[in-house]
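*Asks:* Here's a structure for you.
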Amino acid sequence: MVIRVFIASSSGFVAIKKKQQDVVRFLEANKIEFEEVDITMSEEQRQWMYKNIPPEKKPAQGNPLPPQIFNGDRYCGDYDSFFESKESNTVFSFLGLKPRLASTAEP
């Protein structure tokens, strides 16, 4: 299973862009394999994302905004959930991944 981050490359909202960058940078920095899925380039992917977010996680009005995070087909959460897991040092659990052991740095 691969982590999939649903983003909007052409979002006009600075806050959304910053949240997307925060998620992507964290995954890159921690060498977590992931795939970016741009919902502005594929209506099919946008509809898949909307359909696979659990009803209780959807906003009362409108559509869920990116970034939305999945592990394969399993919904992990949105940016707020990601941020909470990052703050509590539980990102691997949030992503449905096994925690990694601290690697020894080469001299």
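By convention here, the chains of the structure tokens are called A, B, ... in the order presented, each chain's residues are numbered starting at 1, and ligands are numbered starting at 1 in the order presented.
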Looking only at strand (DSSP E or B) from DSSP on the backbone, list the matching residues of chain A as a short mmCIF file (atom, residue, chain, number, x, y, z; two decimals) with N, CA, C and O atoms, in the first residue's frame.
*Replies:*
```cif
data_model
loop_
_atom_site.label_atom_id
_atom_site.label_comp_id
_atom_site.auth_asym_id
_atom_site.auth_seq_id
_atom_site.Cartn_x
_atom_site.Cartn_y
_atom_site.Cartn_z
N ILE A 3 1.01 5.52 0.42
CA ILE A 3 0.32 6.70 0.93
C ILE A 3 -0.03 7.58 -0.26
O ILE A 3 0.81 7.85 -1.12
N ARG A 4 -1.27 8.03 -0.33
CA ARG A 4 -1.70 8.92 -1.39
C ARG A 4 -2.19 10.22 -0.77
O ARG A 4 -3.04 10.21 0.11
N VAL A 5 -1.62 11.32 -1.24
CA VAL A 5 -1.99 12.64 -0.76
C VAL A 5 -2.74 13.34 -1.89
O VAL A 5 -2.16 13.61 -2.94
N PHE A 6 -4.02 13.60 -1.66
CA PHE A 6 -4.82 14.29 -2.66
C PHE A 6 -4.64 15.79 -2.48
O PHE A 6 -4.89 16.32 -1.41
N ILE A 7 -4.16 16.43 -3.56
CA ILE A 7 -3.85 17.86 -3.52
C ILE A 7 -4.61 18.57 -4.65
O ILE A 7 -5.19 17.93 -5.52
N PHE A 34 5.21 8.03 -1.00
CA PHE A 34 3.86 8.53 -1.21
C PHE A 34 3.67 8.94 -2.66
O PHE A 34 4.62 9.07 -3.41
N GLU A 35 2.41 9.14 -3.01
CA GLU A 35 2.04 9.57 -4.35
C GLU A 35 1.13 10.78 -4.20
O GLU A 35 0.20 10.77 -3.40
N GLU A 36 1.44 11.84 -4.94
CA GLU A 36 0.56 13.00 -4.97
C GLU A 36 -0.49 12.78 -6.05
O GLU A 36 -0.15 12.39 -7.16
N VAL A 37 -1.75 13.02 -5.71
CA VAL A 37 -2.84 12.88 -6.67
C VAL A 37 -3.48 14.26 -6.80
O VAL A 37 -4.06 14.77 -5.83
N ASP A 38 -3.35 14.85 -7.97
CA ASP A 38 -3.85 16.20 -8.20
C ASP A 38 -5.30 16.15 -8.66
O ASP A 38 -5.59 15.77 -9.79
N GLN A 68 -6.09 15.64 1.47
CA GLN A 68 -6.74 14.48 2.07
C GLN A 68 -5.77 13.32 1.91
O GLN A 68 -5.15 13.17 0.85
N ILE A 69 -5.63 12.51 2.96
CA ILE A 69 -4.58 11.49 2.97
C ILE A 69 -5.19 10.09 3.08
O ILE A 69 -6.06 9.86 3.93
N PHE A 70 -4.71 9.20 2.22
CA PHE A 70 -5.16 7.81 2.19
C PHE A 70 -3.95 6.89 2.22
O PHE A 70 -2.87 7.25 1.75
N ASN A 71 -4.14 5.69 2.77
CA ASN A 71 -3.16 4.62 2.64
C ASN A 71 -3.83 3.58 1.77
O ASN A 71 -4.69 2.84 2.22
N ARG A 74 -7.64 3.11 2.14
CA ARG A 74 -8.06 3.42 3.52
C ARG A 74 -7.86 4.90 3.81
O ARG A 74 -6.77 5.44 3.66
N TYR A 75 -8.92 5.55 4.23
CA TYR A 75 -8.85 6.97 4.56
C TYR A 75 -8.10 7.17 5.87
O TYR A 75 -8.41 6.54 6.88
N CYS A 76 -7.08 8.03 5.84
CA CYS A 76 -6.32 8.35 7.05
C CYS A 76 -6.86 9.62 7.69
O CYS A 76 -7.09 9.65 8.90
N GLY A 77 -7.05 10.67 6.89
CA GLY A 77 -7.59 11.90 7.44
C GLY A 77 -7.23 13.12 6.60
O GLY A 77 -6.60 13.02 5.56
N ASP A 78 -7.62 14.27 7.14
CA ASP A 78 -7.34 15.53 6.48
C ASP A 78 -6.12 16.19 7.13
O ASP A 78 -5.44 15.58 7.95
#
```
*Asks:* When DSSP is applied to the backbone of this structure, which of chain A are assigned helix (DSSP H, G or I)? Write them out as number ranges by chain.
*Replies:* A: 14-29, 43-52, 55-57, 79-87, 91-94
*Asks:* What is the atom CA of A:Val2 to atom CA of A:Glu33 distance in Å?
*Replies:*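 Computing the Euclidean distance for atom CA of A:Val2 and atom CA of A:Glu33 yields 6.6 Å.
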*Asks:* Quick one: residues within 8 Å of stretch 14-21 of chain A, only C-alpha atoms, excluding same-chain residues fewer than 6 positions away - as a count of residues only?
*Replies:* 6
